[in-house]
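The structure file start_37.cif is reproduced below (mmCIF, C-alpha atoms).
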data_coords
loop_
_atom_site.group_PDB
_atom_site.id
_atom_site.type_symbol
_atom_site.label_atom_id
_atom_site.label_comp_id
_atom_site.auth_asym_id
_atom_site.auth_seq_id
_atom_site.Cartn_x
_atom_site.Cartn_y
_atom_site.Cartn_z
ATOM 1 C CA MET A 21 -25.432 115.284 -95.141
ATOM 2 C CA PRO A 22 -26.829 111.797 -95.751
ATOM 3 C CA LEU A 23 -30.515 111.253 -95.036
ATOM 4 C CA THR A 24 -31.518 108.908 -92.241
ATOM 5 C CA MET A 25 -35.134 107.942 -92.688
ATOM 6 C CA ASN A 26 -37.347 107.829 -89.607
ATOM 7 C CA ARG A 27 -38.958 104.404 -89.316
ATOM 8 C CA GLU A 28 -40.957 105.082 -86.134
ATOM 9 C CA VAL A 29 -43.150 108.093 -87.003
ATOM 10 C CA PHE A 30 -45.724 110.013 -85.011
ATOM 11 C CA ILE A 31 -48.476 112.000 -86.690
ATOM 12 C CA THR A 32 -49.789 115.317 -85.380
ATOM 13 C CA CYS A 33 -53.174 116.473 -86.662
ATOM 14 C CA ALA A 34 -53.648 120.269 -86.602
ATOM 15 C CA VAL A 35 -57.413 120.219 -86.256
ATOM 16 C CA THR A 36 -58.723 123.711 -87.020
ATOM 17 C CA GLY A 37 -56.152 126.516 -86.703
ATOM 18 C CA SER A 38 -56.856 130.238 -86.490
ATOM 19 C CA GLY A 39 -56.977 131.130 -90.178
ATOM 20 C CA SER A 40 -60.036 132.338 -92.055
ATOM 21 C CA THR A 41 -60.934 128.875 -93.346
ATOM 22 C CA GLN A 42 -64.207 128.454 -91.463
ATOM 23 C CA ASP A 43 -66.368 129.390 -94.472
ATOM 24 C CA ARG A 44 -64.279 127.577 -97.087
ATOM 25 C CA SER A 45 -65.092 124.056 -95.978
ATOM 26 C CA PRO A 46 -67.963 122.551 -93.986
ATOM 27 C CA HIS A 47 -65.446 120.184 -92.400
ATOM 28 C CA VAL A 48 -63.534 122.930 -90.520
ATOM 29 C CA PRO A 49 -64.777 122.495 -86.938
ATOM 30 C CA ARG A 50 -66.008 125.564 -85.048
ATOM 31 C CA SER A 51 -67.627 124.657 -81.739
ATOM 32 C CA PRO A 52 -65.734 122.924 -78.919
ATOM 33 C CA ALA A 53 -67.804 119.785 -79.534
ATOM 34 C CA GLU A 54 -66.965 119.801 -83.249
ATOM 35 C CA ILE A 55 -63.271 120.422 -82.580
ATOM 36 C CA ALA A 56 -63.086 117.648 -79.991
ATOM 37 C CA ASN A 57 -64.990 115.196 -82.183
ATOM 38 C CA SER A 58 -62.770 115.943 -85.173
ATOM 39 C CA ALA A 59 -59.696 115.476 -82.981
ATOM 40 C CA ILE A 60 -61.007 112.146 -81.701
ATOM 41 C CA ASP A 61 -61.754 110.981 -85.250
ATOM 42 C CA ALA A 62 -58.207 111.954 -86.269
ATOM 43 C CA ALA A 63 -56.811 109.958 -83.357
ATOM 44 C CA LYS A 64 -58.869 106.917 -84.361
ATOM 45 C CA ALA A 65 -57.394 107.261 -87.867
ATOM 46 C CA GLY A 66 -53.823 107.188 -86.547
ATOM 47 C CA ALA A 67 -52.853 110.609 -85.186
ATOM 48 C CA ALA A 68 -50.920 110.293 -81.918
ATOM 49 C CA ILE A 69 -51.108 114.053 -81.230
ATOM 50 C CA VAL A 70 -53.897 116.546 -81.867
ATOM 51 C CA HIS A 71 -53.009 120.251 -82.045
ATOM 52 C CA CYS A 72 -55.998 122.419 -81.145
ATOM 53 C CA HIS A 73 -57.018 126.044 -81.468
ATOM 54 C CA VAL A 74 -60.532 127.152 -80.553
ATOM 55 C CA ARG A 75 -63.054 129.279 -82.426
ATOM 56 C CA ASP A 76 -66.178 131.252 -81.664
ATOM 57 C CA PRO A 77 -68.936 128.679 -82.280
ATOM 58 C CA GLU A 78 -71.200 131.225 -83.987
ATOM 59 C CA THR A 79 -68.788 133.078 -86.274
ATOM 60 C CA GLY A 80 -65.976 130.549 -86.585
ATOM 61 C CA LYS A 81 -63.445 133.292 -85.865
ATOM 62 C CA PRO A 82 -60.381 132.421 -83.744
ATOM 63 C CA SER A 83 -60.794 132.820 -80.011
ATOM 64 C CA ARG A 84 -58.779 132.777 -76.792
ATOM 65 C CA ASP A 85 -61.797 132.089 -74.590
ATOM 66 C CA LEU A 86 -60.780 129.813 -71.722
ATOM 67 C CA LYS A 87 -64.162 128.076 -71.555
ATOM 68 C CA TYR A 88 -63.799 126.818 -75.134
ATOM 69 C CA TYR A 89 -60.343 125.377 -74.431
ATOM 70 C CA ARG A 90 -61.628 123.764 -71.260
ATOM 71 C CA GLU A 91 -64.552 122.141 -73.058
ATOM 72 C CA VAL A 92 -62.338 120.816 -75.868
ATOM 73 C CA THR A 93 -59.899 119.419 -73.310
ATOM 74 C CA GLU A 94 -62.564 117.763 -71.188
ATOM 75 C CA ARG A 95 -64.299 116.198 -74.182
ATOM 76 C CA ILE A 96 -61.032 114.741 -75.489
ATOM 77 C CA ARG A 97 -59.886 113.545 -72.050
ATOM 78 C CA ASP A 98 -63.290 112.002 -71.285
ATOM 79 C CA SER A 99 -63.454 110.091 -74.561
ATOM 80 C CA ALA A 100 -62.514 106.433 -74.878
ATOM 81 C CA THR A 101 -59.855 107.353 -77.457
ATOM 82 C CA ASP A 102 -56.346 108.047 -76.199
ATOM 83 C CA VAL A 103 -54.428 110.922 -77.816
ATOM 84 C CA VAL A 104 -51.711 113.383 -76.819
ATOM 85 C CA LEU A 105 -53.152 116.892 -76.460
ATOM 86 C CA ASN A 106 -51.251 119.881 -77.886
ATOM 87 C CA LEU A 107 -52.865 123.293 -77.325
ATOM 88 C CA THR A 108 -51.773 126.440 -79.120
ATOM 89 C CA ALA A 109 -50.211 129.220 -77.073
ATOM 90 C CA GLY A 110 -49.723 131.375 -80.151
ATOM 91 C CA MET A 111 -52.780 133.575 -79.705
ATOM 92 C CA GLY A 112 -52.457 137.026 -78.159
ATOM 93 C CA GLY A 113 -49.415 138.158 -80.131
ATOM 94 C CA ASP A 114 -51.088 139.818 -83.118
ATOM 95 C CA ILE A 115 -50.420 143.374 -84.299
ATOM 96 C CA VAL A 116 -52.216 144.923 -87.269
ATOM 97 C CA PHE A 117 -50.599 148.223 -88.171
ATOM 98 C CA GLY A 118 -52.574 151.149 -89.509
ATOM 99 C CA GLY A 119 -50.970 151.368 -92.950
ATOM 100 C CA VAL A 120 -47.698 152.488 -94.449
ATOM 101 C CA GLU A 121 -48.216 156.226 -93.803
ATOM 102 C CA SER A 122 -49.867 155.941 -90.376
ATOM 103 C CA PRO A 123 -48.846 152.649 -88.799
ATOM 104 C CA LEU A 124 -49.652 153.731 -85.247
ATOM 105 C CA PRO A 125 -51.871 153.228 -83.398
ATOM 106 C CA PRO A 126 -52.569 149.610 -84.334
ATOM 107 C CA VAL A 127 -55.998 148.939 -85.803
ATOM 108 C CA LYS A 128 -58.791 146.361 -85.595
ATOM 109 C CA GLY A 129 -57.496 142.819 -85.462
ATOM 110 C CA THR A 130 -54.717 143.631 -83.008
ATOM 111 C CA ASP A 131 -54.696 141.262 -80.035
ATOM 112 C CA MET A 132 -51.675 141.798 -77.794
ATOM 113 C CA VAL A 133 -51.740 140.507 -74.220
ATOM 114 C CA GLY A 134 -49.200 139.549 -71.581
ATOM 115 C CA ALA A 135 -47.470 136.228 -71.103
ATOM 116 C CA THR A 136 -49.655 135.113 -68.192
ATOM 117 C CA GLU A 137 -52.861 135.753 -70.129
ATOM 118 C CA ARG A 138 -51.491 133.989 -73.203
ATOM 119 C CA MET A 139 -50.763 130.975 -70.993
ATOM 120 C CA GLU A 140 -53.976 130.992 -68.938
ATOM 121 C CA HIS A 141 -55.654 128.140 -70.799
ATOM 122 C CA VAL A 142 -52.485 126.022 -70.721
ATOM 123 C CA ALA A 143 -52.222 126.393 -66.945
ATOM 124 C CA ASP A 144 -55.902 125.437 -66.602
ATOM 125 C CA CYS A 145 -56.103 122.572 -69.106
ATOM 126 C CA LEU A 146 -52.638 121.036 -68.544
ATOM 127 C CA PRO A 147 -52.095 119.493 -71.994
ATOM 128 C CA GLU A 148 -49.012 117.373 -72.551
ATOM 129 C CA ILE A 149 -47.727 119.858 -75.172
ATOM 130 C CA CYS A 150 -48.310 123.495 -76.106
ATOM 131 C CA THR A 151 -46.808 125.568 -78.887
ATOM 132 C CA LEU A 152 -44.172 128.292 -78.625
ATOM 133 C CA ASP A 153 -43.943 130.399 -81.812
ATOM 134 C CA CYS A 154 -40.237 131.068 -81.545
ATOM 135 C CA GLY A 155 -39.984 134.454 -83.283
ATOM 136 C CA THR A 156 -41.672 137.465 -84.822
ATOM 137 C CA MET A 157 -42.701 137.227 -88.477
ATOM 138 C CA ASN A 158 -44.478 139.070 -91.266
ATOM 139 C CA PHE A 159 -47.431 137.035 -92.524
ATOM 140 C CA ALA A 160 -49.031 137.276 -95.947
ATOM 141 C CA GLU A 161 -51.369 140.106 -94.929
ATOM 142 C CA ALA A 162 -50.063 143.588 -95.739
ATOM 143 C CA ASP A 163 -49.890 145.048 -92.230
ATOM 144 C CA TYR A 164 -50.144 142.048 -89.875
ATOM 145 C CA VAL A 165 -47.183 140.913 -87.781
ATOM 146 C CA MET A 166 -47.034 137.823 -85.568
ATOM 147 C CA THR A 167 -45.208 139.300 -82.600
ATOM 148 C CA ASN A 168 -43.133 137.220 -80.172
ATOM 149 C CA THR A 169 -40.295 139.159 -78.559
ATOM 150 C CA PRO A 170 -37.333 137.411 -76.920
ATOM 151 C CA GLY A 171 -38.570 138.585 -73.524
ATOM 152 C CA MET A 172 -42.078 137.252 -74.152
ATOM 153 C CA LEU A 173 -40.735 133.903 -75.355
ATOM 154 C CA ARG A 174 -38.441 133.531 -72.355
ATOM 155 C CA ALA A 175 -41.337 134.261 -70.003
ATOM 156 C CA MET A 176 -43.758 131.897 -71.745
ATOM 157 C CA GLY A 177 -41.118 129.188 -72.113
ATOM 158 C CA ARG A 178 -40.368 129.277 -68.383
ATOM 159 C CA MET A 179 -44.075 129.052 -67.602
ATOM 160 C CA MET A 180 -44.440 126.006 -69.843
ATOM 161 C CA THR A 181 -41.441 124.295 -68.287
ATOM 162 C CA ASP A 182 -42.606 125.083 -64.740
ATOM 163 C CA LEU A 183 -46.078 123.697 -65.544
ATOM 164 C CA GLY A 184 -44.592 120.443 -66.811
ATOM 165 C CA VAL A 185 -46.003 121.089 -70.296
ATOM 166 C CA LEU A 186 -43.598 120.374 -73.162
ATOM 167 C CA PRO A 187 -43.129 123.381 -75.471
ATOM 168 C CA GLU A 188 -43.312 122.585 -79.164
ATOM 169 C CA VAL A 189 -41.093 125.184 -80.832
ATOM 170 C CA GLU A 190 -42.827 126.470 -83.963
ATOM 171 C CA ALA A 191 -39.954 127.407 -86.288
ATOM 172 C CA PHE A 192 -40.927 129.447 -89.344
ATOM 173 C CA ASP A 193 -37.328 130.263 -90.295
ATOM 174 C CA THR A 194 -33.772 129.335 -89.339
ATOM 175 C CA GLY A 195 -33.434 132.260 -86.916
ATOM 176 C CA HIS A 196 -36.241 130.776 -84.849
ATOM 177 C CA LEU A 197 -34.187 127.597 -84.453
ATOM 178 C CA TRP A 198 -31.170 129.689 -83.474
ATOM 179 C CA PHE A 199 -33.182 131.300 -80.689
ATOM 180 C CA ALA A 200 -34.630 127.941 -79.605
ATOM 181 C CA ARG A 201 -31.101 126.626 -79.132
ATOM 182 C CA GLU A 202 -30.363 129.709 -77.018
ATOM 183 C CA LEU A 203 -33.450 129.041 -74.858
ATOM 184 C CA VAL A 204 -32.193 125.504 -74.215
ATOM 185 C CA LYS A 205 -28.709 126.848 -73.439
ATOM 186 C CA GLU A 206 -30.226 129.289 -70.914
ATOM 187 C CA GLY A 207 -32.284 126.534 -69.300
ATOM 188 C CA VAL A 208 -35.602 128.084 -70.281
ATOM 189 C CA LEU A 209 -36.446 124.974 -72.311
ATOM 190 C CA LYS A 210 -35.317 121.465 -71.441
ATOM 191 C CA ASN A 211 -33.043 119.418 -73.656
ATOM 192 C CA PRO A 212 -33.952 117.665 -75.905
ATOM 193 C CA ALA A 213 -36.503 120.116 -77.296
ATOM 194 C CA LEU A 214 -39.444 119.408 -79.587
ATOM 195 C CA VAL A 215 -39.637 121.345 -82.875
ATOM 196 C CA GLN A 216 -42.214 121.849 -85.620
ATOM 197 C CA LEU A 217 -40.698 123.024 -88.922
ATOM 198 C CA CYS A 218 -43.317 125.261 -90.568
ATOM 199 C CA MET A 219 -42.608 125.384 -94.291
ATOM 200 C CA GLY A 220 -44.146 127.552 -96.980
ATOM 201 C CA VAL A 221 -45.907 130.037 -94.673
ATOM 202 C CA PRO A 222 -45.610 133.528 -96.231
ATOM 203 C CA TRP A 223 -43.176 135.112 -95.367
ATOM 204 C CA GLY A 224 -41.197 132.534 -93.499
ATOM 205 C CA ALA A 225 -39.124 129.672 -94.842
ATOM 206 C CA PRO A 226 -40.160 128.744 -98.411
ATOM 207 C CA ASN A 227 -40.962 125.087 -98.875
ATOM 208 C CA ASP A 228 -38.323 124.207 -101.451
ATOM 209 C CA LEU A 229 -36.202 121.217 -100.482
ATOM 210 C CA ASN A 230 -32.959 123.175 -100.171
ATOM 211 C CA THR A 231 -34.513 125.431 -97.549
ATOM 212 C CA PHE A 232 -36.166 122.463 -95.881
ATOM 213 C CA MET A 233 -32.860 120.665 -95.476
ATOM 214 C CA ALA A 234 -31.269 123.869 -94.168
ATOM 215 C CA MET A 235 -33.991 123.879 -91.497
ATOM 216 C CA VAL A 236 -33.481 120.175 -90.755
ATOM 217 C CA ASN A 237 -29.719 120.644 -90.466
ATOM 218 C CA ASN A 238 -30.240 123.427 -87.910
ATOM 219 C CA VAL A 239 -32.136 121.096 -85.556
ATOM 220 C CA PRO A 240 -29.764 119.477 -83.016
ATOM 221 C CA SER A 241 -29.434 115.767 -83.655
ATOM 222 C CA ASP A 242 -30.883 114.743 -80.286
ATOM 223 C CA TRP A 243 -34.044 116.873 -80.607
ATOM 224 C CA ASN A 244 -37.392 115.556 -81.822
ATOM 225 C CA TRP A 245 -38.958 117.293 -84.794
ATOM 226 C CA SER A 246 -41.848 117.267 -87.240
ATOM 227 C CA ALA A 247 -42.556 119.244 -90.388
ATOM 228 C CA PHE A 248 -45.435 120.370 -92.554
ATOM 229 C CA SER A 249 -46.247 122.497 -95.563
ATOM 230 C CA LEU A 250 -49.461 124.044 -96.819
ATOM 231 C CA GLY A 251 -52.162 123.204 -99.325
ATOM 232 C CA ARG A 252 -51.233 120.924 -102.186
ATOM 233 C CA ASP A 253 -47.753 120.399 -100.716
ATOM 234 C CA GLN A 254 -49.016 119.014 -97.421
ATOM 235 C CA MET A 255 -48.910 115.337 -98.348
ATOM 236 C CA ALA A 256 -45.604 115.662 -100.205
ATOM 237 C CA TYR A 257 -44.082 116.933 -96.965
ATOM 238 C CA VAL A 258 -45.316 113.825 -95.171
ATOM 239 C CA ALA A 259 -42.884 111.873 -97.332
ATOM 240 C CA ALA A 260 -40.158 114.535 -97.176
ATOM 241 C CA ALA A 261 -40.249 114.746 -93.371
ATOM 242 C CA VAL A 262 -40.065 110.983 -92.903
ATOM 243 C CA LEU A 263 -37.251 110.652 -95.441
ATOM 244 C CA ALA A 264 -35.269 113.414 -93.696
ATOM 245 C CA GLY A 265 -35.612 111.717 -90.301
ATOM 246 C CA GLY A 266 -38.581 113.564 -88.818
ATOM 247 C CA ASN A 267 -42.227 113.193 -87.943
ATOM 248 C CA VAL A 268 -45.385 114.435 -89.627
ATOM 249 C CA ARG A 269 -48.057 117.096 -89.214
ATOM 250 C CA ILE A 270 -51.198 117.228 -91.321
ATOM 251 C CA GLY A 271 -54.707 118.609 -90.789
ATOM 252 C CA LEU A 272 -57.261 121.218 -91.780
ATOM 253 C CA GLU A 273 -55.264 124.045 -90.193
ATOM 254 C CA ASP A 274 -52.832 123.741 -93.099
ATOM 255 C CA ASN A 275 -54.800 122.229 -95.979
ATOM 256 C CA LEU A 276 -58.494 121.757 -96.802
ATOM 257 C CA TRP A 277 -58.178 119.335 -99.722
ATOM 258 C CA LEU A 278 -57.808 115.593 -100.117
ATOM 259 C CA GLY A 279 -57.630 115.861 -103.906
ATOM 260 C CA LYS A 280 -58.749 118.105 -106.733
ATOM 261 C CA GLY A 281 -62.307 119.203 -106.002
ATOM 262 C CA GLN A 282 -62.513 116.983 -102.899
ATOM 263 C CA LEU A 283 -62.661 118.690 -99.506
ATOM 264 C CA ALA A 284 -61.036 116.651 -96.752
ATOM 265 C CA THR A 285 -61.851 115.811 -93.161
ATOM 266 C CA ASN A 286 -59.094 115.602 -90.591
ATOM 267 C CA ALA A 287 -59.550 111.835 -90.363
ATOM 268 C CA GLN A 288 -59.177 111.462 -94.129
ATOM 269 C CA LEU A 289 -55.941 113.460 -94.104
ATOM 270 C CA VAL A 290 -54.579 111.299 -91.300
ATOM 271 C CA GLU A 291 -55.567 108.126 -93.155
ATOM 272 C CA ARG A 292 -53.778 109.354 -96.282
ATOM 273 C CA ALA A 293 -50.666 110.213 -94.247
ATOM 274 C CA VAL A 294 -50.688 106.755 -92.644
ATOM 275 C CA THR A 295 -50.782 105.217 -96.128
ATOM 276 C CA VAL A 296 -47.818 107.315 -97.276
ATOM 277 C CA ILE A 297 -45.771 106.517 -94.171
ATOM 278 C CA GLU A 298 -46.463 102.798 -94.243
ATOM 279 C CA THR A 299 -45.840 102.584 -97.980
ATOM 280 C CA MET A 300 -42.392 104.042 -97.293
ATOM 281 C CA GLY A 301 -41.731 101.152 -94.917
ATOM 282 C CA ALA A 302 -42.109 103.098 -91.665
ATOM 283 C CA ARG A 303 -44.454 102.487 -88.751
ATOM 284 C CA VAL A 304 -46.929 104.939 -87.249
ATOM 285 C CA ILE A 305 -46.505 104.974 -83.470
ATOM 286 C CA THR A 306 -49.160 105.295 -80.778
ATOM 287 C CA PRO A 307 -49.905 108.046 -78.222
ATOM 288 C CA ALA A 308 -48.414 105.866 -75.458
ATOM 289 C CA GLU A 309 -45.205 105.464 -77.455
ATOM 290 C CA VAL A 310 -45.055 109.221 -78.071
ATOM 291 C CA ARG A 311 -45.378 109.893 -74.342
ATOM 292 C CA THR A 312 -42.482 107.529 -73.680
ATOM 293 C CA ARG A 313 -40.335 109.063 -76.422
ATOM 294 C CA LEU A 314 -40.989 112.673 -75.370
ATOM 295 C CA GLY A 315 -41.215 112.140 -71.617
ATOM 296 C CA LEU A 316 -44.857 113.272 -71.373
ATOM 297 C CA THR A 317 -47.391 112.767 -68.593
ATOM 298 C CA LYS A 318 -51.119 112.686 -69.326
ATOM 299 C CA ARG A 319 -53.036 114.802 -66.789
ATOM 300 C CA ALA A 320 -56.590 115.889 -66.191
ATOM 301 C CA PRO A 321 -57.414 119.622 -66.272
ATOM 302 C CA ARG A 322 -57.061 121.462 -62.990
ATOM 303 C CA SER A 323 -60.006 121.005 -60.656
ATOM 304 C CA ARG A 324 -62.152 124.038 -59.958
#
Turn this file's structure into structure tokens for me.
Amino acid sequence: MPLTMNREVFITCAVTGSGSTQDRSPHVPRSPAEIANSAIDAAKAGAAIVHCHVRDPETGKPSRDLKYYREVTERIRDSATDVVLNLTAGMGGDIVFGGVESPLPPVKGTDMVGATERMEHVADCLPEICTLDCGTMNFAEADYVMTNTPGMLRAMGRMMTDLGVLPEVEAFDTGHLWFARELVKEGVLKNPALVQLCMGVPWGAPNDLNTFMAMVNNVPSDWNWSAFSLGRDQMAYVAAAVLAGGNVRIGLEDNLWLGKGQLATNAQLVERAVTVIETMGARVITPAEVRTRLGLTKRAPRSR
């Protein structure tokens, strides 16, 4: 199909993620204050949306602790910098099997909880957007599986919709888009949906352009979508996503480097993405414009 370039682009900055990057760069934020400050800096650099995980401030390991999410949310909301808040809801679906000869019971690293617990911080913080990892997938680790059953996704999707929080479908392969279309058909998710195409994550969709366009062509034409890839391919996918008609995600969750031997900050990655987008002749849009496009309402966290 012919490409229709997007000329009104929003940037999402994935601020810290849940990967084991905390000791590989001093710029990966750990504490709620560091995460919020990095998100605010990214917004000042041009990101309309910030996508936030939280970490244990001491160890840097990923966390689901509600108080960390609440602090990040309050710091971002109380700042003078406007930005659309996107919180992960992907935590709590991790299984680490015990090995090929004795897979059960699961071993250390397993974190499996129910839908309500996975959504607790979303219900408390009331971000405009939260993520919905729309399928189960093997990751690069030998015995780790990201686990999201159809029943779990239907339950979480309904909770998001009922809360007035827009689900961002995280699609790691074409089957995840197939199921997302089914969730819209069933009324679990509203139409048009919002999608993030996650390219090059082992062992999901590889980040070659043929696969990328297969993913793009499986997104309904009236949906909103973004895309990203990892590491050295991150900035190339800024251009690829815009050229294919989508929006952009960058950030330290997916890539630590600005150039060879040069560790990046989130703000620097956003600045580089802005340069790429504007050089292509497109415009980077604001948080207010994103809210209008996606039908979002900015809210304060629930009072206690």
Across A:Arg319, A:Lys64, A:His196, A:Arg303, the smallest distance to Leu173 of chain A, with only C-alpha atoms counted, is shown by A:His196
What gap, in Å, lies between atom CA of Asn211 of chain A and atom CA of Val262 of chain A?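 The value is 22.2 Å.
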Using all atoms listed in the file, determine which residues lie at most 12 Å from Asp193 of chain A, disregarding the query and same-chain residues fewer than 6 positions distant; provide the list as a tab-separated table (two decimals) with C-alpha atoms, in the coordinates of the input.
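Final output, saved to out-v3.tsv:
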chain	number	residue	atom	x	y	z
A	153	ASP	CA	-43.94	130.40	-81.81
A	154	CYS	CA	-40.24	131.07	-81.54
A	155	GLY	CA	-39.98	134.45	-83.28
A	156	THR	CA	-41.67	137.46	-84.82
A	157	MET	CA	-42.70	137.23	-88.48
A	158	ASN	CA	-44.48	139.07	-91.27
A	199	PHE	CA	-33.18	131.30	-80.69
A	200	ALA	CA	-34.63	127.94	-79.60
A	215	VAL	CA	-39.64	121.34	-82.88
A	216	GLN	CA	-42.21	121.85	-85.62
A	217	LEU	CA	-40.70	123.02	-88.92
A	218	CYS	CA	-43.32	125.26	-90.57
A	219	MET	CA	-42.61	125.38	-94.29
A	220	GLY	CA	-44.15	127.55	-96.98
A	221	VAL	CA	-45.91	130.04	-94.67
A	222	PRO	CA	-45.61	133.53	-96.23
A	223	TRP	CA	-43.18	135.11	-95.37
A	224	GLY	CA	-41.20	132.53	-93.50
A	225	ALA	CA	-39.12	129.67	-94.84
A	226	PRO	CA	-40.16	128.74	-98.41
A	227	ASN	CA	-40.96	125.09	-98.88
A	231	THR	CA	-34.51	125.43	-97.55
A	232	PHE	CA	-36.17	122.46	-95.88
A	233	MET	CA	-32.86	120.66	-95.48
A	234	ALA	CA	-31.27	123.87	-94.17
A	235	MET	CA	-33.99	123.88	-91.50
A	236	VAL	CA	-33.48	120.18	-90.76
A	238	ASN	CA	-30.24	123.43	-87.91
A	239	VAL	CA	-32.14	121.10	-85.56
Distance atom CA of Thr24 of chain A-atom CA of Ser241 of chain A, one decimal place?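 These atoms are spaced 11.2 Å apart.
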Do a neighbour search on His141 of chain A at 9 Å with all atoms listed in the file, toss out local chain neighbours closer than 2 positions, and write the hits as a PDB file with C-alpha atoms, in the frame of the given file.
ATOM      1  CA  ARG A  84     -58.779 132.777 -76.792  1.00  0.00           C
ATOM      2  CA  ASP A  85     -61.797 132.089 -74.590  1.00  0.00           C
ATOM      3  CA  LEU A  86     -60.780 129.813 -71.722  1.00  0.00           C
ATOM      4  CA  LYS A  87     -64.162 128.076 -71.555  1.00  0.00           C
ATOM      5  CA  TYR A  89     -60.343 125.377 -74.431  1.00  0.00           C
ATOM      6  CA  ARG A  90     -61.628 123.764 -71.260  1.00  0.00           C
ATOM      7  CA  LEU A 107     -52.865 123.293 -77.325  1.00  0.00           C
ATOM      8  CA  ALA A 109     -50.211 129.220 -77.073  1.00  0.00           C
ATOM      9  CA  GLU A 137     -52.861 135.753 -70.129  1.00  0.00           C
ATOM     10  CA  ARG A 138     -51.491 133.989 -73.203  1.00  0.00           C
ATOM     11  CA  MET A 139     -50.763 130.975 -70.993  1.00  0.00           C
ATOM     12  CA  ALA A 143     -52.222 126.393 -66.945  1.00  0.00           C
ATOM     13  CA  ASP A 144     -55.902 125.437 -66.602  1.00  0.00           C
ATOM     14  CA  CYS A 145     -56.103 122.572 -69.106  1.00  0.00           C
ATOM     15  CA  LEU A 146     -52.638 121.036 -68.544  1.00  0.00           C
TER      16      LEU A 146
END
Given the file shown, enumerate the residues that the PyMOL selection byres ((chain A and resi 276) around 9) captures and present them as a list in words.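 Applied to this file, the PyMOL selection byres ((chain A and resi 276) around 9) selects Thr41, Arg44, Ser45, His47, Val48, Gly251, Gly271, Leu272, Glu273, Asp274, Asn275, Trp277, Leu278, Gln282, Leu283, Ala284, Thr285 and Asn286 of chain A.
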Which of A:Arg97, A:His73, A:Lys205, A:Lys128 sits closest to Thr151 of chain A [using all atoms listed in the file]: A:His73
Evaluated on this file, the PyMOL selection byres ((chain A and resi 268) around 7) picks out some residues - which ones are they, written as an MDAnalysis selection string? chainID A and resid 30:32 246:248 258 261 266:267 269:270
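Minimum distance to Ser249 of chain A across A:Gly129, A:Ala34, A:Pro307, A:Arg178 (counting only C-alpha atoms) occurs at A:Ala34.
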Which residues, named as in the file, does the PyMOL selection byres ((chain A and resi 103) around 9) pick out? Answer as a short mmCIF file (atom, residue, chain, number, x, y, z; two decimals) with C-alpha atoms, keeping the file's coordinate frame.
data_model
loop_
_atom_site.label_atom_id
_atom_site.label_comp_id
_atom_site.auth_asym_id
_atom_site.auth_seq_id
_atom_site.Cartn_x
_atom_site.Cartn_y
_atom_site.Cartn_z
CA ALA A 59 -59.70 115.48 -82.98
CA ILE A 60 -61.01 112.15 -81.70
CA ALA A 63 -56.81 109.96 -83.36
CA LYS A 64 -58.87 106.92 -84.36
CA ALA A 67 -52.85 110.61 -85.19
CA ALA A 68 -50.92 110.29 -81.92
CA ILE A 69 -51.11 114.05 -81.23
CA VAL A 70 -53.90 116.55 -81.87
CA ILE A 96 -61.03 114.74 -75.49
CA ARG A 97 -59.89 113.54 -72.05
CA THR A 101 -59.86 107.35 -77.46
CA ASP A 102 -56.35 108.05 -76.20
CA VAL A 104 -51.71 113.38 -76.82
CA LEU A 105 -53.15 116.89 -76.46
CA THR A 306 -49.16 105.30 -80.78
CA PRO A 307 -49.90 108.05 -78.22
CA ALA A 308 -48.41 105.87 -75.46
#
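Each of A:Met255, A:Met300, A:Leu209, A:Val165 was checked against Leu183 of chain A using all atoms listed in the file; the smallest atom-to-atom distance is that of A:Leu209.
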Report the distance between atom CA of Arg95 of chain A and atom CA of Cys72 of chain A in Å, rounded to one decimal place.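 Between atom CA of Arg95 of chain A and atom CA of Cys72 of chain A the gap is 12.5 Å.
Distances here use all atoms listed in the file; by that measure, the residue among A:Gly301, A:Val133, A:Pro240, A:Asp61 closest to Leu263 of chain A is A:Gly301.
Shortest atom-to-atom contact with Arg27 of chain A among A:Ala264, A:Leu229, A:Leu314, A:Ala213: A:Ala264, counting all atoms listed in the file.
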Axis-aligned box over every listed atom of segment 138-151 of chain A, padded by 4 Å per side: centre and edges in Å to one decimal, as JSON?
{"center_x": -51.5, "center_y": 125.7, "center_z": -72.7, "size_x": 17.3, "size_y": 24.6, "size_z": 20.3}
Contacts of segment 51-53 of chain A at 9 Å or less, counting only C-alpha atoms, minus same-chain residues fewer than 2 places along, as a list in words?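 Listing them by chain and then by number gives Pro49, Ile55, Ala56, Asn57, Ser58, Val74, Arg75, Asp76, Pro77, Glu78, Gly80, Tyr88, Tyr89, Arg90, Glu91, Val92, Thr93 and Arg95 of chain A.
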